[in-house]
file target-v7.tsv (TSV, C-alpha atoms)
chain	number	residue	atom	x	y	z
A	155	MET	CA	112.20	-26.27	80.84
A	156	LEU	CA	109.41	-24.59	78.96
A	157	LEU	CA	110.62	-21.02	79.43
A	158	PRO	CA	112.10	-19.10	76.49
A	159	LYS	CA	115.90	-18.88	76.47
A	160	SER	CA	115.96	-15.11	76.97
A	161	ILE	CA	113.88	-15.48	80.12
A	162	THR	CA	115.95	-18.30	81.63
A	163	ASN	CA	119.15	-16.35	80.84
A	164	LEU	CA	117.89	-13.30	82.68
A	165	ILE	CA	116.67	-15.46	85.58
A	166	GLU	CA	120.20	-16.87	85.83
A	167	SER	CA	121.67	-13.36	85.84
A	168	PHE	CA	119.43	-12.39	88.75
A	169	GLU	CA	120.09	-15.64	90.61
A	170	ARG	CA	123.79	-14.82	90.75
A	171	LEU	CA	123.05	-11.79	92.94
A	172	PRO	CA	123.40	-12.30	96.70
A	173	GLY	CA	120.14	-13.03	98.53
A	174	ILE	CA	118.15	-13.70	95.35
A	175	GLY	CA	117.01	-17.30	94.93
A	176	PRO	CA	115.46	-19.00	91.89
A	177	LYS	CA	111.87	-18.11	92.86
A	178	THR	CA	112.62	-14.44	93.45
A	179	ALA	CA	114.61	-14.29	90.21
A	180	GLN	CA	111.64	-15.74	88.30
A	181	ARG	CA	109.29	-13.24	89.90
A	182	LEU	CA	111.56	-10.31	89.03
A	183	VAL	CA	111.94	-11.37	85.39
A	184	PHE	CA	108.19	-11.84	84.89
A	185	TYR	CA	107.67	-8.45	86.48
A	186	LEU	CA	110.14	-6.93	84.01
A	187	LEU	CA	108.12	-8.37	81.11
A	188	HIS	CA	105.44	-5.80	81.95
A	189	VAL	CA	107.85	-2.87	82.19
A	190	PRO	CA	108.20	-0.43	79.25
A	191	GLN	CA	111.15	-1.16	76.94
A	192	HIS	CA	112.82	2.21	77.65
A	193	GLU	CA	113.05	1.33	81.35
A	194	LEU	CA	114.71	-1.96	80.46
A	195	ASP	CA	117.12	-0.06	78.21
A	196	ASP	CA	117.93	2.36	81.05
A	197	PHE	CA	118.49	-0.54	83.44
A	198	ALA	CA	120.75	-2.28	80.92
A	199	GLY	CA	122.66	0.93	80.22
A	200	ASN	CA	123.22	1.56	83.94
A	201	LEU	CA	124.55	-1.97	84.36
A	202	LYS	CA	126.93	-1.66	81.42
A	203	ILE	CA	128.57	1.57	82.57
A	204	LEU	CA	128.56	0.76	86.30
A	205	LYS	CA	132.21	-0.22	86.42
A	206	THR	CA	133.57	1.85	83.56
A	207	SER	CA	132.22	5.12	84.96
A	208	THR	CA	133.47	4.59	88.51
A	209	LYS	CA	137.02	4.71	89.79
A	210	LEU	CA	138.81	3.38	92.86
A	211	CYS	CA	140.38	6.30	94.72
A	212	SER	CA	144.14	5.65	94.77
A	213	GLN	CA	144.39	7.16	98.25
A	214	CYS	CA	141.47	5.89	100.32
A	215	LYS	CA	140.13	3.11	97.97
A	216	ASN	CA	136.68	4.63	98.05
A	217	ILE	CA	134.61	4.28	94.88
A	218	ASP	CA	133.80	7.53	93.11
A	219	GLU	CA	133.66	9.16	89.68
A	220	THR	CA	137.07	10.79	90.14
A	221	ASP	CA	140.47	9.73	91.45
A	222	PRO	CA	141.21	11.07	94.05
A	223	CYS	CA	137.66	10.81	95.30
A	224	ARG	CA	135.63	13.83	96.38
A	225	ILE	CA	136.50	13.29	100.05
A	226	CYS	CA	140.26	12.99	99.47
A	227	ALA	CA	140.13	15.99	97.12
A	228	ASP	CA	138.27	18.13	99.67
A	229	ALA	CA	140.73	20.60	101.23
A	230	ASN	CA	138.38	21.21	104.16
A	231	ARG	CA	138.73	17.70	105.49
A	232	ASN	CA	141.27	16.80	108.12
A	233	LYS	CA	143.64	14.33	106.43
A	234	LYS	CA	145.42	13.67	109.72
A	235	VAL	CA	142.53	11.51	110.90
A	236	ILE	CA	141.82	8.27	109.03
A	237	CYS	CA	138.65	6.30	109.62
A	238	VAL	CA	139.07	2.66	108.55
A	239	VAL	CA	135.88	1.01	107.22
A	240	GLU	CA	135.19	-2.32	105.55
A	241	GLN	CA	132.97	-1.23	102.66
A	242	PRO	CA	132.08	1.91	100.69
A	243	LEU	CA	128.55	1.65	102.12
A	244	ASP	CA	129.98	1.96	105.64
A	245	LEU	CA	131.63	5.19	104.53
A	246	ILE	CA	128.28	6.44	103.21
A	247	ALA	CA	126.62	5.55	106.53
A	248	LEU	CA	129.24	7.54	108.45
A	249	GLU	CA	129.00	10.46	106.03
A	250	ASN	CA	125.25	10.57	106.53
A	251	THR	CA	125.83	11.37	110.21
A	252	ARG	CA	127.57	14.64	109.11
A	253	LYS	CA	129.65	14.35	112.28
A	254	TYR	CA	132.94	13.22	110.78
A	255	HIS	CA	135.24	15.54	108.87
A	256	GLY	CA	138.39	13.48	108.49
A	257	ALA	CA	139.60	11.10	105.79
A	258	TYR	CA	138.69	7.44	105.21
A	259	HIS	CA	140.30	4.19	104.22
A	260	VAL	CA	138.09	1.54	102.67
A	261	LEU	CA	139.43	-2.00	103.13
A	262	HIS	CA	136.90	-3.64	100.79
A	263	GLY	CA	136.36	-6.54	103.14
A	264	ALA	CA	137.56	-7.98	106.43
A	265	ILE	CA	140.00	-10.74	107.28
A	266	ALA	CA	137.97	-13.97	107.13
A	267	PRO	CA	140.13	-17.12	107.01
A	268	LEU	CA	137.06	-19.32	106.51
A	269	ASN	CA	136.31	-17.50	103.25
A	270	ASN	CA	139.99	-17.48	102.21
A	271	ILE	CA	140.29	-13.74	102.75
A	272	GLY	CA	143.66	-12.95	104.27
A	273	PRO	CA	145.28	-9.56	105.00
A	274	ASP	CA	146.67	-9.38	101.45
A	275	GLU	CA	143.23	-9.72	99.84
A	276	ILE	CA	142.03	-6.41	101.28
A	277	TYR	CA	143.64	-2.96	101.21
A	278	ILE	CA	145.55	-3.20	104.52
A	279	ASN	CA	149.02	-2.63	103.09
A	280	ASP	CA	147.83	0.54	101.40
A	281	LEU	CA	146.63	1.79	104.76
A	282	ILE	CA	149.93	0.97	106.46
A	283	ASN	CA	151.82	2.79	103.68
A	284	ARG	CA	149.51	5.75	104.01
A	285	VAL	CA	150.14	5.99	107.76
A	286	GLN	CA	153.89	5.47	107.32
A	287	ASN	CA	154.28	8.14	104.62
A	288	GLY	CA	151.67	10.61	105.88
A	289	ASP	CA	151.28	12.84	108.87
A	290	VAL	CA	148.56	10.84	110.62
A	291	GLU	CA	147.44	11.72	114.15
A	292	GLU	CA	144.53	9.35	114.66
A	293	VAL	CA	143.33	6.08	113.18
A	294	ILE	CA	139.68	5.30	113.91
A	295	PHE	CA	138.73	1.64	113.57
A	296	ALA	CA	135.18	1.55	112.23
A	297	THR	CA	135.14	-2.07	111.10
A	298	ASN	CA	131.96	-4.01	111.77
A	299	PRO	CA	131.33	-5.22	115.36
A	300	THR	CA	131.70	-8.83	114.21
A	301	LEU	CA	134.39	-11.44	114.72
A	302	GLU	CA	135.91	-10.66	111.31
A	303	GLY	CA	135.76	-6.91	111.85
A	304	GLU	CA	137.40	-7.23	115.27
A	305	ALA	CA	140.14	-9.51	113.96
A	306	THR	CA	140.84	-7.10	111.12
A	307	ALA	CA	141.11	-4.14	113.50
A	308	MET	CA	143.47	-6.10	115.77
A	309	TYR	CA	145.64	-7.14	112.84
A	310	ILE	CA	145.91	-3.55	111.63
A	311	GLU	CA	146.79	-2.34	115.14
A	312	LYS	CA	149.67	-4.81	115.28
A	313	GLU	CA	150.90	-3.75	111.86
A	314	LEU	CA	150.75	-0.11	112.93
A	315	GLU	CA	152.83	-0.96	116.00
A	316	LYS	CA	155.42	-2.65	113.78
A	317	ILE	CA	155.97	0.52	111.77
A	318	GLY	CA	156.26	2.49	115.01
A	319	TYR	CA	153.06	4.48	114.68
A	320	ASN	CA	152.41	6.22	117.97
A	321	GLY	CA	149.41	8.40	117.20
A	322	LYS	CA	145.92	7.85	118.58
A	323	ARG	CA	144.06	4.63	117.86
A	324	THR	CA	140.36	4.64	118.64
A	325	ARG	CA	137.33	2.47	118.03
A	326	LEU	CA	133.70	3.35	117.63
A	327	ALA	CA	131.88	3.19	120.98
A	328	ARG	CA	129.98	0.03	121.87
A	329	GLY	CA	126.66	0.18	123.64
A	330	LEU	CA	122.91	0.15	123.18
A	331	PRO	CA	121.64	1.22	119.77
A	332	THR	CA	119.15	4.11	119.81
A	333	GLY	CA	115.59	2.83	119.73
A	334	GLY	CA	116.74	-0.56	121.01
A	335	ASP	CA	115.14	-2.46	123.85
A	336	LEU	CA	117.20	-3.33	126.94
A	337	GLU	CA	115.27	-6.58	127.30
A	338	TYR	CA	116.37	-7.82	123.90
A	339	ALA	CA	119.98	-6.62	124.00
A	340	ASP	CA	122.47	-9.52	123.96
A	341	GLU	CA	124.85	-10.00	126.88
A	342	LEU	CA	127.92	-8.68	125.09
A	343	THR	CA	126.18	-5.48	124.03
A	344	LEU	CA	124.84	-4.94	127.53
A	345	SER	CA	128.18	-5.57	129.22
A	346	ASN	CA	129.82	-3.20	126.71
A	347	ALA	CA	127.18	-0.62	127.53
A	348	LEU	CA	127.83	-1.05	131.27
A	349	GLU	CA	131.60	-0.82	130.87
A	350	GLY	CA	131.37	2.27	128.70
A	351	ARG	CA	128.90	4.12	130.94
A	352	LYS	CA	129.53	7.80	131.61
B	141	MET	CA	124.52	12.09	98.33
B	142	LEU	CA	128.14	11.11	97.98
B	143	LEU	CA	127.61	8.19	95.62
B	144	PRO	CA	128.62	8.47	91.93
B	145	LYS	CA	125.72	9.09	89.54
B	146	SER	CA	126.13	5.73	87.77
B	147	ILE	CA	125.77	3.93	91.11
B	148	THR	CA	122.70	5.88	92.25
B	149	ASN	CA	121.08	5.35	88.83
B	150	LEU	CA	121.55	1.60	89.06
B	151	ILE	CA	120.33	1.58	92.65
B	152	GLU	CA	117.17	3.33	91.44
B	153	SER	CA	116.71	0.73	88.68
B	154	PHE	CA	116.89	-2.07	91.24
B	155	GLU	CA	114.61	-0.24	93.68
B	156	ARG	CA	111.82	-0.25	91.09
B	157	LEU	CA	111.69	-4.05	91.24
B	158	PRO	CA	109.06	-5.58	93.54
B	159	GLY	CA	110.32	-6.59	96.98
B	160	ILE	CA	113.64	-4.75	96.63
B	161	GLY	CA	114.06	-1.82	99.00
B	162	PRO	CA	116.73	0.89	99.02
B	163	LYS	CA	119.11	-1.07	101.29
B	164	THR	CA	118.91	-4.26	99.22
B	165	ALA	CA	119.36	-2.24	96.02
B	166	GLN	CA	122.52	-0.65	97.45
B	167	ARG	CA	123.86	-4.04	98.47
B	168	LEU	CA	123.21	-5.52	95.03
B	169	VAL	CA	124.91	-2.63	93.22
B	170	PHE	CA	128.00	-2.76	95.42
B	171	TYR	CA	128.13	-6.49	94.86
B	172	LEU	CA	128.01	-5.91	91.10
B	173	LEU	CA	131.02	-3.60	91.35
B	174	HIS	CA	133.10	-6.70	92.08
B	175	VAL	CA	131.68	-8.74	89.22
B	176	PRO	CA	133.68	-9.10	85.94
B	177	GLN	CA	132.64	-6.67	83.19
B	178	HIS	CA	131.60	-9.48	80.82
B	179	GLU	CA	129.01	-10.69	83.35
B	180	LEU	CA	127.60	-7.17	83.59
B	181	ASP	CA	127.46	-7.04	79.77
B	182	ASP	CA	125.63	-10.38	79.69
B	183	PHE	CA	123.17	-9.17	82.31
B	184	ALA	CA	122.57	-5.94	80.40
B	185	GLY	CA	122.16	-7.82	77.12
B	186	ASN	CA	119.63	-10.21	78.64
B	187	LEU	CA	117.64	-7.28	79.98
B	188	LYS	CA	117.65	-5.46	76.63
B	189	ILE	CA	116.34	-8.42	74.59
B	190	LEU	CA	113.94	-9.74	77.26
B	191	LYS	CA	110.86	-8.27	75.65
B	192	THR	CA	111.95	-8.19	72.01
B	193	SER	CA	112.81	-11.89	71.92
B	194	THR	CA	109.63	-13.11	73.58
B	195	LYS	CA	106.13	-13.22	72.14
B	196	LEU	CA	102.66	-13.41	73.61
B	197	CYS	CA	100.93	-16.50	72.24
B	198	SER	CA	97.86	-15.28	70.33
B	199	GLN	CA	95.90	-18.33	71.47
B	200	CYS	CA	96.66	-18.95	75.13
B	201	LYS	CA	98.52	-15.67	76.00
B	202	ASN	CA	101.47	-17.64	77.33
B	203	ILE	CA	104.89	-16.04	76.86
B	204	ASP	CA	107.24	-17.94	74.57
B	205	GLU	CA	109.73	-17.47	71.74
B	206	THR	CA	107.15	-18.38	69.11
B	207	ASP	CA	103.50	-17.57	68.38
B	208	PRO	CA	101.63	-19.93	68.78
B	209	CYS	CA	103.61	-21.06	71.81
B	210	ARG	CA	105.16	-24.50	72.08
B	211	ILE	CA	102.18	-25.86	74.03
B	212	CYS	CA	99.55	-24.57	71.59
B	213	ALA	CA	101.66	-25.83	68.66
B	214	ASP	CA	102.01	-29.29	70.19
B	215	ALA	CA	99.68	-31.68	68.33
B	216	ASN	CA	99.89	-34.20	71.18
B	217	ARG	CA	98.09	-31.95	73.62
B	218	ASN	CA	94.37	-32.12	74.15
B	219	LYS	CA	93.03	-28.74	73.00
B	220	LYS	CA	89.56	-29.58	74.27
B	221	VAL	CA	90.66	-29.00	77.85
B	222	ILE	CA	91.66	-25.48	78.87
B	223	CYS	CA	93.35	-24.78	82.19
B	224	VAL	CA	92.94	-21.14	83.23
B	225	VAL	CA	95.87	-19.69	85.21
B	226	GLU	CA	96.71	-16.20	86.41
B	227	GLN	CA	100.38	-15.98	85.43
B	228	PRO	CA	102.88	-17.69	83.11
B	229	LEU	CA	104.72	-18.93	86.23
B	230	ASP	CA	101.57	-20.77	87.31
B	231	LEU	CA	101.60	-22.52	83.95
B	232	ILE	CA	105.24	-23.50	84.51
B	233	ALA	CA	104.38	-24.86	87.96
B	234	LEU	CA	101.60	-27.01	86.47
B	235	GLU	CA	103.83	-28.17	83.61
B	236	ASN	CA	106.46	-29.25	86.13
B	237	THR	CA	103.98	-31.78	87.57
B	238	ARG	CA	103.95	-33.53	84.13
B	239	LYS	CA	100.38	-34.56	84.92
B	240	TYR	CA	98.51	-32.19	82.65
B	241	HIS	CA	98.33	-32.64	78.90
B	242	GLY	CA	95.70	-30.14	77.86
B	243	ALA	CA	95.91	-26.50	76.78
B	244	TYR	CA	96.18	-23.38	78.92
B	245	HIS	CA	94.88	-19.87	79.08
B	246	VAL	CA	96.97	-17.27	80.87
B	247	LEU	CA	94.94	-14.35	82.22
B	248	HIS	CA	97.97	-12.23	83.20
B	249	GLY	CA	96.39	-11.19	86.47
B	250	ALA	CA	93.21	-11.53	88.49
B	251	ILE	CA	90.27	-9.22	88.98
B	252	ALA	CA	91.25	-6.88	91.81
B	253	PRO	CA	89.02	-3.81	92.10
B	254	LEU	CA	91.25	-2.35	94.81
B	255	ASN	CA	94.13	-2.25	92.35
B	256	ASN	CA	91.92	-0.99	89.52
B	257	ILE	CA	92.12	-4.30	87.67
B	258	GLY	CA	88.76	-5.11	86.15
B	259	PRO	CA	87.76	-7.98	83.82
B	260	ASP	CA	88.85	-5.96	80.76
B	261	GLU	CA	92.40	-5.48	82.03
B	262	ILE	CA	93.13	-9.21	81.87
B	263	TYR	CA	92.62	-11.72	79.05
B	264	ILE	CA	89.13	-12.90	80.02
B	265	ASN	CA	87.39	-11.93	76.77
B	266	ASP	CA	89.98	-13.88	74.77
B	267	LEU	CA	89.16	-16.93	76.87
B	268	ILE	CA	85.41	-16.53	76.33
B	269	ASN	CA	85.97	-16.17	72.57
B	270	ARG	CA	88.16	-19.24	72.59
B	271	VAL	CA	85.49	-21.31	74.33
B	272	GLN	CA	82.74	-19.91	72.09
B	273	ASN	CA	84.60	-20.60	68.84
B	274	GLY	CA	86.34	-23.80	69.83
B	275	ASP	CA	85.33	-27.32	70.68
B	276	VAL	CA	85.99	-27.14	74.44
B	277	GLU	CA	84.93	-29.97	76.75
B	278	GLU	CA	86.41	-28.83	80.05
B	279	VAL	CA	87.56	-25.58	81.63
B	280	ILE	CA	89.79	-26.04	84.67
B	281	PHE	CA	89.98	-23.03	86.97
B	282	ALA	CA	93.50	-22.94	88.37
B	283	THR	CA	93.49	-19.36	89.62
B	284	ASN	CA	95.17	-18.73	92.96
B	285	PRO	CA	93.26	-19.78	96.12
B	286	THR	CA	92.94	-16.11	97.12
B	287	LEU	CA	90.00	-13.71	97.20
B	288	GLU	CA	91.03	-12.23	93.83
B	289	GLY	CA	91.58	-15.65	92.26
B	290	GLU	CA	88.20	-16.89	93.50
B	291	ALA	CA	86.41	-13.78	92.27
B	292	THR	CA	88.04	-14.12	88.86
B	293	ALA	CA	87.01	-17.77	88.57
B	294	MET	CA	83.44	-16.90	89.57
B	295	TYR	CA	83.28	-14.06	87.04
B	296	ILE	CA	84.52	-16.32	84.25
B	297	GLU	CA	81.99	-19.02	85.20
B	298	LYS	CA	79.17	-16.50	84.86
B	299	GLU	CA	80.48	-15.32	81.49
B	300	LEU	CA	80.67	-18.92	80.31
B	301	GLU	CA	77.06	-19.44	81.36
B	302	LYS	CA	76.07	-16.35	79.37
B	303	ILE	CA	77.47	-17.82	76.15
B	304	GLY	CA	75.70	-21.09	76.86
B	305	TYR	CA	78.79	-23.16	77.52
B	306	ASN	CA	77.66	-26.49	78.97
B	307	GLY	CA	80.90	-28.45	79.16
B	308	LYS	CA	82.66	-29.42	82.38
B	309	ARG	CA	83.89	-26.73	84.75
B	310	THR	CA	86.30	-27.88	87.45
B	311	ARG	CA	88.56	-26.35	90.07
B	312	LEU	CA	91.81	-27.57	91.54
B	313	ALA	CA	91.16	-29.56	94.72
B	314	ARG	CA	91.46	-27.80	98.08
B	315	GLY	CA	93.02	-29.52	101.04
B	316	LEU	CA	96.18	-29.96	103.04
B	317	PRO	CA	99.43	-29.28	101.18
B	318	THR	CA	101.92	-32.18	101.17
B	319	GLY	CA	104.48	-31.76	103.93
B	320	GLY	CA	102.16	-29.42	105.80
B	321	ASP	CA	101.32	-29.67	109.46
B	322	LEU	CA	97.70	-30.17	110.56
B	323	GLU	CA	98.36	-28.06	113.65
B	324	TYR	CA	99.26	-25.00	111.58
B	325	ALA	CA	96.64	-25.35	108.87
B	326	ASP	CA	94.13	-22.48	108.87
B	327	GLU	CA	90.44	-23.17	109.49
B	328	LEU	CA	89.37	-22.71	105.87
B	329	THR	CA	92.02	-25.12	104.58
B	330	LEU	CA	91.07	-27.69	107.19
B	331	SER	CA	87.34	-27.42	106.55
B	332	ASN	CA	88.04	-27.71	102.80
B	333	ALA	CA	90.12	-30.81	103.50
B	334	LEU	CA	87.28	-32.29	105.59
B	335	GLU	CA	84.64	-31.54	102.98
B	336	GLY	CA	86.74	-32.98	100.18
B	337	ARG	CA	87.69	-36.17	102.04
B	338	LYS	CA	87.55	-39.42	100.12
call {"tool": "encode", "arguments": {"input": "target-v7.tsv", "output": "structure tokens"}}
result
Amino acid sequence: MLLPKSITNLIESFERLPGIGPKTAQRLVFYLLHVPQHELDDFAGNLKILKTSTKLCSQCKNIDETDPCRICADANRNKKVICVVEQPLDLIALENTRKYHGAYHVLHGAIAPLNNIGPDEIYINDLINRVQNGDVEEVIFATNPTLEGEATAMYIEKELEKIGYNGKRTRLARGLPTGGDLEYADELTLSNALEGRK
Amino acid sequence: MLLPKSITNLIESFERLPGIGPKTAQRLVFYLLHVPQHELDDFAGNLKILKTSTKLCSQCKNIDETDPCRICADANRNKKVICVVEQPLDLIALENTRKYHGAYHVLHGAIAPLNNIGPDEIYINDLINRVQNGDVEEVIFATNPTLEGEATAMYIEKELEKIGYNGKRTRLARGLPTGGDLEYADELTLSNALEGRK
């Protein structure tokens, strides 16, 4: 290969990122060659401190600058309601609605046997402990509407039954997304929308 | 925004890259949170030294570790033939064919008035000087088969005429790409392929 070592190294770093192939990585690196050095330094600095300056909240496993995170530390939030999500970005999406004022639990994944992710690889036990030791009135399952998300929610429900939890268990409503087109909705979405009509 | 500052900063760094929107940037940063620290350090290090460890070849404007670059320094290459390309990646693509053994000239762009890129913003004058002062027998125009690439090639041809260059001037052949489908070829490509039949 004719490329200088520092370029191929950076291309390899970019290639490791999800959804970025060799061609895109090349394009990004050659773009960065035309960027001022101080921007490269900023980028490098942000990468270096990404993990050291963030903490995993010991209560809800959200990622924030402080432990407990800002949501768990907020006295105005109803800690008796726990919304279970797969990823921190799902939490952000829910927060952006400004309609939810309870607590969260971030699993950091979903049960996916094909990818060797079992219940012990994600933060399910921490959730069960939290429900067992806390005064929880409702658990909202906000896992993704996928096979893995569904399986994870079902597994957690069973575990909650085992510890004798008898509070509310709810799931996010299924139906047509706003701005969607009835014609292009898949059968499952449509039948969910029919079933859940009001 | 609920995200820690170090995360939003890195998201912004990624967003500045071409073809990476806010959602992709978020996804990449949250992926990096699960990557070992030493990989992040490597990535950051590669970014920092990207520009300092590479040089612009004073002859052909290729990017390499040394000046002159490895191609210009190679005594086995025919310096009387200059292949004009827009970007260093185009040079790499041509090198990968292993069919070309002449020299290159990298313009670092194409004339694009809509983007405020005129002939002086790219390395056209350096090419003209090179042809004027050197013993050049052939200039191959390997700019992209786009409007901008064509315009750039035409501009350079005129400039070469002005300095009285009377060596060969060639362009890469136009026709059907290997593996392409006649049915989906556009009219211009097909008519080029017809004209250039042999």
call {"tool": "axis_aligned_box", "arguments": {"input": "target-v7.tsv", "around": "segment 180-198 of chain B", "padding_each_side": "6 Å", "output": "lines of an AutoDock Vina configuration file"}}
result
center_x = 112.7
center_y = -11.0
center_z = 77.0
size_x = 41.7
size_y = 23.0
size_z = 25.3
call {"tool": "closest_atom_pairs", "arguments": {"input": "target-v7.tsv", "of": "segment 199-231 of chain B", "to": "segment 155-167 of chain A", "cutoff": "10 Å", "atoms": "all atoms listed in the file", "output": "Markdown table"}}
result
| residue | atom | partner | partner_atom | distance |
| --- | --- | --- | --- | --- |
| B:Asn202 | CA | A:Leu157 | CA | 10.0 |
| B:Ile203 | CA | A:Pro158 | CA | 7.8 |
| B:Asp204 | CA | A:Pro158 | CA | 5.4 |
| B:Glu205 | CA | A:Pro158 | CA | 5.6 |
| B:Thr206 | CA | A:Pro158 | CA | 8.9 |
| B:Cys209 | CA | A:Leu156 | CA | 9.9 |
| B:Arg210 | CA | A:Leu156 | CA | 8.1 |
| B:Ile211 | CA | A:Leu156 | CA | 8.8 |
| B:Pro228 | CA | A:Leu157 | CA | 9.2 |
| B:Leu229 | CA | A:Leu157 | CA | 9.2 |
| B:Leu231 | CA | A:Leu156 | CA | 9.5 |
call {"tool": "residues_around", "arguments": {"input": "target-v7.tsv", "residues": "Glu226 of chain B", "least_positions_apart": "4", "cutoff": "6 Å", "atoms": "only C-alpha atoms", "output": "MDAnalysis selection string"}}
result
chainID B and resid 246:249 283
call {"tool": "residues_around", "arguments": {"input": "target-v7.tsv", "residues": "segment 181-183 of chain B", "least_positions_apart": "3", "cutoff": "10 Å", "atoms": "all atoms listed in the file", "output": "compact mmCIF listing (two decimals) with C-alpha atoms, keeping the file's coordinate frame"}}
result
# COMPACT_ATOMS: atom_id res chain seq x y z
CA ASN A 163 119.15 -16.35 80.84
CA LEU A 164 117.89 -13.30 82.68
CA ILE A 165 116.67 -15.46 85.58
CA GLU A 166 120.20 -16.87 85.83
CA SER A 167 121.67 -13.36 85.84
CA PHE A 168 119.43 -12.39 88.75
CA PHE A 197 118.49 -0.54 83.44
CA ALA A 198 120.75 -2.28 80.92
CA GLY A 199 122.66 0.93 80.22
CA LEU A 201 124.55 -1.97 84.36
CA LYS A 202 126.93 -1.66 81.42
CA ILE A 203 128.57 1.57 82.57
CA PRO B 176 133.68 -9.10 85.94
CA GLN B 177 132.64 -6.67 83.19
CA HIS B 178 131.60 -9.48 80.82
CA ASN B 186 119.63 -10.21 78.64
CA LEU B 187 117.64 -7.28 79.98
CA LYS B 188 117.65 -5.46 76.63
call {"tool": "residues_near_point", "arguments": {"input": "target-v7.tsv", "point": "(120.0, -10.2, 91.0)", "cutoff": "10 Å", "atoms": "all atoms listed in the file", "output": "count of residues only"}}
result
24
call {"tool": "residues_around", "arguments": {"input": "target-v7.tsv", "residues": "Glu292 of chain A", "least_positions_apart": "6", "cutoff": "7 Å", "atoms": "only C-alpha atoms", "output": "ChimeraX atom specification"}}
result
/A:234-236,321-323
call {"tool": "atom_distance", "arguments": {"input": "target-v7.tsv", "atom1": "atom CA of Gly304 of chain B", "atom2": "atom CA of Asp266 of chain B"}}
result
16.1 Å
call {"tool": "closest_residue", "arguments": {"input": "target-v7.tsv", "among": "B:Ala213, B:Leu330, B:Leu254, B:Ala291", "to": "Gly315 of chain B", "atoms": "only C-alpha atoms"}}
result
B:Leu330
call {"tool": "residues_around", "arguments": {"input": "target-v7.tsv", "residues": "Thr310 of chain B", "least_positions_apart": "5", "cutoff": "7 Å", "atoms": "all atoms listed in the file", "output": "list of chain:residue names"}}
result
B:Val279, B:Ile280, B:Phe281
call {"tool": "closest_residue", "arguments": {"input": "target-v7.tsv", "among": "A:Ser345, A:Asn230, A:Thr208, A:Thr306", "to": "chain B", "atoms": "all atoms listed in the file"}}
result
A:Thr208
call {"tool": "residues_around", "arguments": {"input": "target-v7.tsv", "residues": "Thr300 of chain A", "least_positions_apart": "3", "cutoff": "12 Å", "atoms": "all atoms listed in the file", "output": "mmCIF file with C-alpha atoms, keeping the file's coordinate frame"}}
result
data_model
loop_
_atom_site.group_PDB
_atom_site.id
_atom_site.type_symbol
_atom_site.label_atom_id
_atom_site.label_comp_id
_atom_site.auth_asym_id
_atom_site.auth_seq_id
_atom_site.Cartn_x
_atom_site.Cartn_y
_atom_site.Cartn_z
ATOM 1 C CA GLU A 240 135.190 -2.320 105.550
ATOM 2 C CA ALA A 264 137.560 -7.980 106.430
ATOM 3 C CA ILE A 265 140.000 -10.740 107.280
ATOM 4 C CA ALA A 266 137.970 -13.970 107.130
ATOM 5 C CA ALA A 296 135.180 1.550 112.230
ATOM 6 C CA THR A 297 135.140 -2.070 111.100
ATOM 7 C CA GLY A 303 135.760 -6.910 111.850
ATOM 8 C CA GLU A 304 137.400 -7.230 115.270
ATOM 9 C CA ALA A 305 140.140 -9.510 113.960
ATOM 10 C CA THR A 306 140.840 -7.100 111.120
ATOM 11 C CA ALA A 307 141.110 -4.140 113.500
ATOM 12 C CA ARG A 328 129.980 0.030 121.870
ATOM 13 C CA LEU A 342 127.920 -8.680 125.090
ATOM 14 C CA THR A 343 126.180 -5.480 124.030
#
call {"tool": "closest_residue", "arguments": {"input": "target-v7.tsv", "among": "A:Glu249, A:His259, A:Cys226, A:Lys233", "to": "chain B", "atoms": "only C-alpha atoms"}}
result
A:Glu249
call {"tool": "closest_residue", "arguments": {"input": "target-v7.tsv", "among": "A:Leu301, A:Leu187, A:Ala247, A:Ile271", "to": "chain B", "atoms": "all atoms listed in the file"}}
result
A:Leu187
call {"tool": "atom_distance", "arguments": {"input": "target-v7.tsv", "atom1": "atom CA of Glu315 of chain A", "atom2": "atom CA of Ser212 of chain A"}}
result
23.9 Å
call {"tool": "residues_near_point", "arguments": {"input": "target-v7.tsv", "point": "(99.8, -31.9, 85.2)", "cutoff": "12 Å", "atoms": "all atoms listed in the file", "output": "short mmCIF file (atom, residue, chain, number, x, y, z; two decimals) with C-alpha atoms, keeping the file's coordinate frame"}}
result
data_model
loop_
_atom_site.label_atom_id
_atom_site.label_comp_id
_atom_site.auth_asym_id
_atom_site.auth_seq_id
_atom_site.Cartn_x
_atom_site.Cartn_y
_atom_site.Cartn_z
CA ARG B 217 98.09 -31.95 73.62
CA CYS B 223 93.35 -24.78 82.19
CA ASP B 230 101.57 -20.77 87.31
CA LEU B 231 101.60 -22.52 83.95
CA ILE B 232 105.24 -23.50 84.51
CA ALA B 233 104.38 -24.86 87.96
CA LEU B 234 101.60 -27.01 86.47
CA GLU B 235 103.83 -28.17 83.61
CA ASN B 236 106.46 -29.25 86.13
CA THR B 237 103.98 -31.78 87.57
CA ARG B 238 103.95 -33.53 84.13
CA LYS B 239 100.38 -34.56 84.92
CA TYR B 240 98.51 -32.19 82.65
CA HIS B 241 98.33 -32.64 78.90
CA GLY B 242 95.70 -30.14 77.86
CA ALA B 243 95.91 -26.50 76.78
CA TYR B 244 96.18 -23.38 78.92
CA ILE B 280 89.79 -26.04 84.67
CA ALA B 282 93.50 -22.94 88.37
CA LEU B 312 91.81 -27.57 91.54
#
call {"tool": "atom_distance", "arguments": {"input": "target-v7.tsv", "atom1": "atom CA of Leu196 of chain B", "atom2": "atom CA of Gln227 of chain B"}}
result
12.3 Å
